[in-house]
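This is my_file-v4.pdb. It holds PDB, C-alpha atoms.
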ATOM      1  CA  MET A   1       1.029 -21.001   7.408  1.00  0.00           C
ATOM      2  CA  ARG A   2       4.366 -19.954   5.940  1.00  0.00           C
ATOM      3  CA  ARG A   3       7.178 -18.841   8.215  1.00  0.00           C
ATOM      4  CA  ARG A   4       7.095 -15.233   6.956  1.00  0.00           C
ATOM      5  CA  HIS A   5       3.375 -14.996   7.720  1.00  0.00           C
ATOM      6  CA  ARG A   6       3.948 -16.353  11.239  1.00  0.00           C
ATOM      7  CA  VAL A   7       6.664 -13.727  11.713  1.00  0.00           C
ATOM      8  CA  ARG A   8       4.334 -10.976  10.414  1.00  0.00           C
ATOM      9  CA  LEU A   9       1.599 -12.178  12.778  1.00  0.00           C
ATOM     10  CA  ALA A  10       3.935 -12.202  15.786  1.00  0.00           C
ATOM     11  CA  VAL A  11       5.482  -8.809  14.989  1.00  0.00           C
ATOM     12  CA  ASN A  12       2.101  -7.146  14.466  1.00  0.00           C
ATOM     13  CA  LEU A  13       0.831  -8.613  17.735  1.00  0.00           C
ATOM     14  CA  LEU A  14       3.903  -7.386  19.603  1.00  0.00           C
ATOM     15  CA  ASN A  15       3.857  -3.890  18.085  1.00  0.00           C
ATOM     16  CA  GLY A  16       0.173  -3.404  18.976  1.00  0.00           C
ATOM     17  CA  SER A  17      -1.126  -2.753  15.464  1.00  0.00           C
ATOM     18  CA  THR A  18      -3.245  -5.926  15.350  1.00  0.00           C
ATOM     19  CA  LEU A  19      -4.733  -5.122  18.752  1.00  0.00           C
ATOM     20  CA  ALA A  20      -5.599  -1.638  17.463  1.00  0.00           C
ATOM     21  CA  GLY A  21      -7.206  -3.267  14.413  1.00  0.00           C
ATOM     22  CA  LEU A  22      -9.305  -5.502  16.672  1.00  0.00           C
ATOM     23  CA  ALA A  23     -10.412  -2.473  18.713  1.00  0.00           C
ATOM     24  CA  VAL A  24     -11.382  -0.523  15.573  1.00  0.00           C
ATOM     25  CA  SER A  25     -13.256  -3.542  14.190  1.00  0.00           C
ATOM     26  CA  LEU A  26     -15.188  -3.782  17.440  1.00  0.00           C
ATOM     27  CA  ALA A  27     -16.000  -0.045  17.362  1.00  0.00           C
ATOM     28  CA  GLY A  28     -17.106  -0.333  13.719  1.00  0.00           C
ATOM     29  CA  ARG A  29     -19.220  -3.449  14.443  1.00  0.00           C
ATOM     30  CA  ALA A  30     -17.401  -5.483  11.789  1.00  0.00           C
ATOM     31  CA  GLN A  31     -17.889  -9.254  11.529  1.00  0.00           C
ATOM     32  CA  LEU A  32     -14.454 -10.884  11.942  1.00  0.00           C
ATOM     33  CA  ALA A  33     -13.353 -14.026  10.126  1.00  0.00           C
ATOM     34  CA  ARG A  34      -9.958 -15.704  10.025  1.00  0.00           C
ATOM     35  CA  ILE A  35      -8.358 -16.278   6.635  1.00  0.00           C
ATOM     36  CA  PRO A  36      -5.098 -17.969   5.654  1.00  0.00           C
ATOM     37  CA  ASP A  37      -1.720 -16.371   6.304  1.00  0.00           C
ATOM     38  CA  GLY A  38      -2.658 -15.224   9.818  1.00  0.00           C
ATOM     39  CA  LEU A  39      -4.994 -12.433   8.728  1.00  0.00           C
ATOM     40  CA  LEU A  40      -8.400 -11.432  10.084  1.00  0.00           C
ATOM     41  CA  VAL A  41     -11.016  -9.837   7.828  1.00  0.00           C
ATOM     42  CA  GLY A  42     -13.719  -7.656   9.297  1.00  0.00           C
ATOM     43  CA  THR A  43     -16.638  -7.103   6.918  1.00  0.00           C
ATOM     44  CA  GLY A  44     -19.550  -4.714   7.302  1.00  0.00           C
ATOM     45  CA  TYR A  45     -17.437  -1.972   8.902  1.00  0.00           C
ATOM     46  CA  ARG A  46     -19.803   0.926   9.731  1.00  0.00           C
ATOM     47  CA  LEU A  47     -17.783   3.911  10.995  1.00  0.00           C
ATOM     48  CA  PRO A  48     -17.499   6.872   8.571  1.00  0.00           C
ATOM     49  CA  VAL A  49     -13.698   7.114   8.870  1.00  0.00           C
ATOM     50  CA  PRO A  50     -11.635   6.328   6.975  1.00  0.00           C
ATOM     51  CA  PRO A  51     -13.728   6.719   3.818  1.00  0.00           C
ATOM     52  CA  ALA A  52     -11.825   3.969   1.946  1.00  0.00           C
ATOM     53  CA  PRO A  53     -13.739   0.792   0.991  1.00  0.00           C
ATOM     54  CA  ALA A  54     -11.095  -1.261   2.842  1.00  0.00           C
ATOM     55  CA  PHE A  55      -8.117  -0.552   5.093  1.00  0.00           C
ATOM     56  CA  THR A  56      -5.678  -2.447   7.275  1.00  0.00           C
ATOM     57  CA  LEU A  57      -4.472  -2.130  10.860  1.00  0.00           C
ATOM     58  CA  GLY A  58      -1.839  -4.741  11.662  1.00  0.00           C
ATOM     59  CA  ASN A  59      -3.134  -8.153  10.611  1.00  0.00           C
ATOM     60  CA  VAL A  60      -6.765  -6.958  10.594  1.00  0.00           C
ATOM     61  CA  ILE A  61      -8.284  -6.018   7.244  1.00  0.00           C
ATOM     62  CA  LEU A  62     -11.506  -4.012   7.571  1.00  0.00           C
ATOM     63  CA  ALA A  63     -13.950  -3.628   4.684  1.00  0.00           C
ATOM     64  CA  ARG A  64     -17.255  -1.892   4.233  1.00  0.00           C
ATOM     65  CA  HIS A  65     -18.456  -4.747   2.017  1.00  0.00           C
ATOM     66  CA  ASP A  66     -20.769  -7.323   3.584  1.00  0.00           C
ATOM     67  CA  ARG A  67     -18.414 -10.008   2.314  1.00  0.00           C
ATOM     68  CA  LEU A  68     -14.908 -10.002   0.897  1.00  0.00           C
ATOM     69  CA  PRO A  69     -13.992 -13.126  -1.084  1.00  0.00           C
ATOM     70  CA  ARG A  70     -10.567 -14.565  -0.268  1.00  0.00           C
ATOM     71  CA  ASP A  71      -9.196 -14.473  -3.803  1.00  0.00           C
ATOM     72  CA  THR A  72      -9.697 -10.787  -4.620  1.00  0.00           C
ATOM     73  CA  VAL A  73      -6.955  -8.380  -5.636  1.00  0.00           C
ATOM     74  CA  LEU A  74      -8.170  -5.951  -2.952  1.00  0.00           C
ATOM     75  CA  LEU A  75      -7.511  -8.556  -0.276  1.00  0.00           C
ATOM     76  CA  ARG A  76      -4.015  -9.199  -1.659  1.00  0.00           C
ATOM     77  CA  HIS A  77      -3.394  -5.433  -1.648  1.00  0.00           C
ATOM     78  CA  GLU A  78      -4.477  -5.121   1.984  1.00  0.00           C
ATOM     79  CA  ALA A  79      -2.411  -8.194   2.965  1.00  0.00           C
ATOM     80  CA  ARG A  80       0.677  -6.376   1.635  1.00  0.00           C
ATOM     81  CA  HIS A  81      -0.199  -3.453   3.919  1.00  0.00           C
ATOM     82  CA  ALA A  82      -0.204  -5.898   6.869  1.00  0.00           C
ATOM     83  CA  THR A  83       3.408  -6.733   5.999  1.00  0.00           C
ATOM     84  CA  GLN A  84       4.209  -3.022   5.776  1.00  0.00           C
ATOM     85  CA  TYR A  85       2.870  -2.574   9.332  1.00  0.00           C
ATOM     86  CA  ALA A  86       5.297  -5.236  10.542  1.00  0.00           C
ATOM     87  CA  TRP A  87       8.288  -3.611   8.814  1.00  0.00           C
ATOM     88  CA  CYS A  88       7.376  -0.052   9.842  1.00  0.00           C
ATOM     89  CA  GLY A  89       7.015  -0.729  13.558  1.00  0.00           C
ATOM     90  CA  GLY A  90       3.252  -1.107  13.785  1.00  0.00           C
ATOM     91  CA  LEU A  91       1.273   2.039  14.460  1.00  0.00           C
ATOM     92  CA  LEU A  92       4.325   4.109  13.523  1.00  0.00           C
ATOM     93  CA  MET A  93       3.258   3.325   9.972  1.00  0.00           C
ATOM     94  CA  LEU A  94       0.252   5.655  10.299  1.00  0.00           C
ATOM     95  CA  PRO A  95       2.189   8.957  10.411  1.00  0.00           C
ATOM     96  CA  LEU A  96       4.548   7.606   7.721  1.00  0.00           C
ATOM     97  CA  TYR A  97       1.565   6.654   5.558  1.00  0.00           C
ATOM     98  CA  PHE A  98      -0.119  10.045   6.014  1.00  0.00           C
ATOM     99  CA  ALA A  99       3.144  11.848   5.225  1.00  0.00           C
ATOM    100  CA  ALA A 100       3.501   9.741   2.056  1.00  0.00           C
ATOM    101  CA  ALA A 101      -0.120  10.557   1.158  1.00  0.00           C
ATOM    102  CA  GLY A 102       0.621  14.272   1.595  1.00  0.00           C
ATOM    103  CA  VAL A 103       3.703  14.055  -0.609  1.00  0.00           C
ATOM    104  CA  SER A 104       1.690  12.148  -3.203  1.00  0.00           C
ATOM    105  CA  TRP A 105      -0.990  14.841  -3.159  1.00  0.00           C
ATOM    106  CA  LEU A 106       1.616  17.579  -3.567  1.00  0.00           C
ATOM    107  CA  LEU A 107       3.215  15.720  -6.482  1.00  0.00           C
ATOM    108  CA  SER A 108       0.070  14.677  -8.347  1.00  0.00           C
ATOM    109  CA  GLY A 109      -3.108  15.924  -6.676  1.00  0.00           C
ATOM    110  CA  ASP A 110      -3.948  12.330  -5.654  1.00  0.00           C
ATOM    111  CA  VAL A 111      -3.224  10.835  -2.227  1.00  0.00           C
ATOM    112  CA  GLY A 112      -2.456   7.350  -3.537  1.00  0.00           C
ATOM    113  CA  ALA A 113      -0.779   7.670  -6.921  1.00  0.00           C
ATOM    114  CA  TRP A 114       2.722   8.511  -5.634  1.00  0.00           C
ATOM    115  CA  ASN A 115       2.302   7.169  -2.087  1.00  0.00           C
ATOM    116  CA  ILE A 116       5.170   4.714  -1.590  1.00  0.00           C
ATOM    117  CA  PHE A 117       3.002   2.441   0.567  1.00  0.00           C
ATOM    118  CA  GLU A 118       0.227   2.221  -2.040  1.00  0.00           C
ATOM    119  CA  ARG A 119       2.751   1.679  -4.820  1.00  0.00           C
ATOM    120  CA  GLY A 120       4.392  -1.060  -2.778  1.00  0.00           C
ATOM    121  CA  ALA A 121       1.046  -2.751  -2.178  1.00  0.00           C
ATOM    122  CA  GLY A 122       0.046  -2.424  -5.850  1.00  0.00           C
ATOM    123  CA  LEU A 123      -1.805   0.666  -7.067  1.00  0.00           C
ATOM    124  CA  ALA A 124      -4.224  -1.150  -9.362  1.00  0.00           C
ATOM    125  CA  ASP A 125      -4.941  -3.874  -6.795  1.00  0.00           C
ATOM    126  CA  GLY A 126      -6.037  -1.205  -4.312  1.00  0.00           C
ATOM    127  CA  GLY A 127      -8.186   0.600  -6.878  1.00  0.00           C
ATOM    128  CA  TYR A 128      -5.763   3.508  -7.334  1.00  0.00           C
ATOM    129  CA  ALA A 129      -5.047   5.078 -10.707  1.00  0.00           C
ATOM    130  CA  ALA A 130      -1.510   5.836 -11.871  1.00  0.00           C
ATOM    131  CA  VAL A 131      -1.741   9.631 -12.006  1.00  0.00           C
ATOM    132  CA  PRO A 132       1.121  11.572 -13.635  1.00  0.00           C
ATOM    133  CA  LEU A 133       3.049  14.254 -11.810  1.00  0.00           C
ATOM    134  CA  ARG A 134       1.571  17.742 -11.801  1.00  0.00           C
ATOM    135  CA  ALA A 135       2.388  19.665 -14.976  1.00  0.00           C
ATOM    136  CA  MET A 136       4.613  22.167 -13.182  1.00  0.00           C
ATOM    137  CA  LEU A 137       6.722  19.277 -11.822  1.00  0.00           C
ATOM    138  CA  ARG A 138       7.051  17.537 -15.178  1.00  0.00           C
ATOM    139  CA  GLY A 139       8.662  20.595 -16.754  1.00  0.00           C
ATOM    140  CA  ARG A 140       9.638  21.072 -20.371  1.00  0.00           C
ATOM    141  CA  ARG A 141      11.512  18.349 -22.236  1.00  0.00           C
ATOM    142  CA  THR A 142      14.226  18.767 -24.807  1.00  0.00           C
ATOM    143  CA  ALA A 143      14.197  16.930 -28.134  1.00  0.00           C
ATOM    144  CA  ASP A 144      16.348  14.138 -26.681  1.00  0.00           C
ATOM    145  CA  GLY A 145      13.929  13.564 -23.773  1.00  0.00           C
ATOM    146  CA  GLY A 146      15.947  15.353 -21.075  1.00  0.00           C
ATOM    147  CA  ARG A 147      15.035  18.537 -19.262  1.00  0.00           C
ATOM    148  CA  PRO A 148      16.713  21.751 -20.429  1.00  0.00           C
ATOM    149  CA  ARG A 149      19.525  22.971 -18.180  1.00  0.00           C
ATOM    150  CA  ALA A 150      20.849  26.428 -17.493  1.00  0.00           C
ATOM    151  CA  GLY A 151      23.449  27.519 -20.013  1.00  0.00           C
ATOM    152  CA  GLY A 152      22.154  25.097 -22.653  1.00  0.00           C
ATOM    153  CA  GLN A 153      24.037  22.113 -21.239  1.00  0.00           C
ATOM    154  CA  LYS A 154      22.647  18.730 -22.197  1.00  0.00           C
ATOM    155  CA  ARG A 155      22.168  16.007 -19.650  1.00  0.00           C
ATOM    156  CA  GLY A 156      24.020  12.762 -19.944  1.00  0.00           C
ATOM    157  CA  PRO A 157      22.153   9.445 -20.207  1.00  0.00           C
ATOM    158  CA  ALA A 158      22.909   8.502 -16.597  1.00  0.00           C
ATOM    159  CA  SER A 159      21.245  11.615 -15.175  1.00  0.00           C
ATOM    160  CA  MET A 160      18.096  11.115 -17.263  1.00  0.00           C
ATOM    161  CA  ARG A 161      17.182   7.923 -15.440  1.00  0.00           C
ATOM    162  CA  SER A 162      14.183   8.099 -13.183  1.00  0.00           C
ATOM    163  CA  ALA A 163      14.713   7.664  -9.453  1.00  0.00           C
ATOM    164  CA  TRP A 164      11.598   5.491  -9.158  1.00  0.00           C
ATOM    165  CA  PRO A 165      13.171   2.186 -10.386  1.00  0.00           C
ATOM    166  CA  ARG A 166      16.010   2.623  -7.888  1.00  0.00           C
ATOM    167  CA  LEU A 167      13.531   3.397  -5.089  1.00  0.00           C
ATOM    168  CA  ARG A 168      11.380   0.411  -6.012  1.00  0.00           C
ATOM    169  CA  SER A 169      14.478  -1.783  -5.983  1.00  0.00           C
ATOM    170  CA  TRP A 170      15.410  -0.465  -2.531  1.00  0.00           C
ATOM    171  CA  THR A 171      11.955  -1.182  -1.108  1.00  0.00           C
ATOM    172  CA  SER A 172      11.983  -4.745  -2.401  1.00  0.00           C
ATOM    173  CA  ARG A 173      15.451  -5.347  -0.905  1.00  0.00           C
ATOM    174  CA  THR A 174      14.355  -4.027   2.480  1.00  0.00           C
ATOM    175  CA  CYS A 175      11.228  -6.205   2.452  1.00  0.00           C
ATOM    176  CA  LEU A 176       8.828  -3.266   2.681  1.00  0.00           C
ATOM    177  CA  THR A 177       6.289  -5.325   0.757  1.00  0.00           C
ATOM    178  CA  ASP A 178       5.227  -8.927   0.573  1.00  0.00           C
ATOM    179  CA  ARG A 179       4.657  -9.481  -3.134  1.00  0.00           C
ATOM    180  CA  GLN A 180       3.634 -13.136  -2.882  1.00  0.00           C
ATOM    181  CA  PRO A 181      -0.004 -13.471  -3.955  1.00  0.00           C
ATOM    182  CA  LEU A 182      -2.522 -15.212  -1.768  1.00  0.00           C
ATOM    183  CA  PRO A 183      -3.629 -18.631  -3.041  1.00  0.00           C
ATOM    184  CA  VAL A 184      -6.171 -18.284  -5.836  1.00  0.00           C
ATOM    185  CA  ARG A 185      -8.810 -20.892  -6.609  1.00  0.00           C
ATOM    186  CA  ARG A 186      -9.075 -21.730 -10.268  1.00  0.00           C
ATOM    187  CA  ASN A 187     -12.389 -21.260 -12.107  1.00  0.00           C
ATOM    188  CA  SER A 188     -13.520 -18.591  -9.665  1.00  0.00           C
ATOM    189  CA  PRO A 189     -14.923 -15.190 -10.683  1.00  0.00           C
ATOM    190  CA  ARG A 190     -12.636 -12.238 -10.134  1.00  0.00           C
TER     191      ARG A 190
END
Final structure tokens representation of the file:
Amino acid sequence: MRRRHRVRLAVNLLNGSTLAGLAVSLAGRAQLARIPDGLLVGTGYRLPVPPAPAFTLGNVILARHDRLPRDTVLLRHEARHATQYAWCGGLLMLPLYFAAAGVSWLLSGDVGAWNIFERGAGLADGGYAAVPLRAMLRGRRTADGGRPRAGGQKRGPASMRSAWPRLRSWTSRTCLTDRQPLPVRRNSPR
């Protein structure tokens, strides 16, 4: 196991999020199995909440599927959430995640499309679609691509840049996500 995965495992044990994941897996009658990188996968989760096909609490990934192959993009997505739990202080990630989901819903009508945690874990890997901002937030565009300003002033090129690349850069510098993919076996179905 790599050093960063040992650190994630230790931090998530200390902050209580992995213990909470074990308790929820027990309540949901999930079958636990250990996988590489210090993660546990619980398959066959039976409780009705949350409605997602898979979710993570600490280093415990819970899935409704009867089996979850080790080389799936969904598993890589959920493994990135385990790292986010470590960096966000464990269960403190839950209110942060729900706040980000609320902001995403306000921006686009979708709880995952603009959620910083889902974007950091990989939207497509988690089965989320990249939904554009609501029409009222996109606003009108001028011929040069900028938004019209009061008094007819044009925007300069620096102010037309999106904030998202800067935010994404910040999250990668602060190690909010673990972008290293899990080992993938060759000649295996995806």
Emit as AutoDock Vina command-line options the padded axis-aligned box for all listed atoms of stretch 100-117 of chain A, 5 Å per side, with centre and edge lengths in Å to one decimal.
--center_x 0.6 --center_y 10.0 --center_z -3.1 --size_x 19.1 --size_y 25.1 --size_z 20.4
- Task: Any chance you could resolve the PyMOL selection byres ((chain A and resi 21-25) around 12) against this file and give the residues as number ranges by chain?
- Result: A: 12-13, 15-20, 26-33, 39-50, 54-64, 82, 85, 90-91
- Spatial neighbours of A:Leu74, 12 Å, all atoms listed in the file, chain gap at least 5 places, as a PyMOL selection string: chain A and resi 41+52-56+61-63+65+68-69+79-81+118+121-128+181-182+190
- Item | Test item: residues at most 9 Å from A:Pro132, only C-alpha atoms, excluding those fewer than 4 positions along its chain, as a list in words |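 So the residues in contact are Leu107, Ser108, Ala113, Trp114 and Arg138 of chain A.
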- Query: How far is it from atom CA of A:Leu92 to atom CA of A:Glu78, in Å with one decimal?
  - Reply: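 We find that atom CA of A:Leu92 and atom CA of A:Glu78 lie 17.2 Å from each other.
Atom CA of A:Gln84 sits 10.8 Å away from atom CA of A:Leu96.
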- Record the distance separating atom CA of A:Asp37 and atom CA of A:Asn115, expressed in Å with one decimal. 25.3 Å
- Skip A:Phe98 itself and residues of its chain fewer than 4 positions away, then list as a count of residues only all residues within 9 Å of it, counting only C-alpha atoms. 6
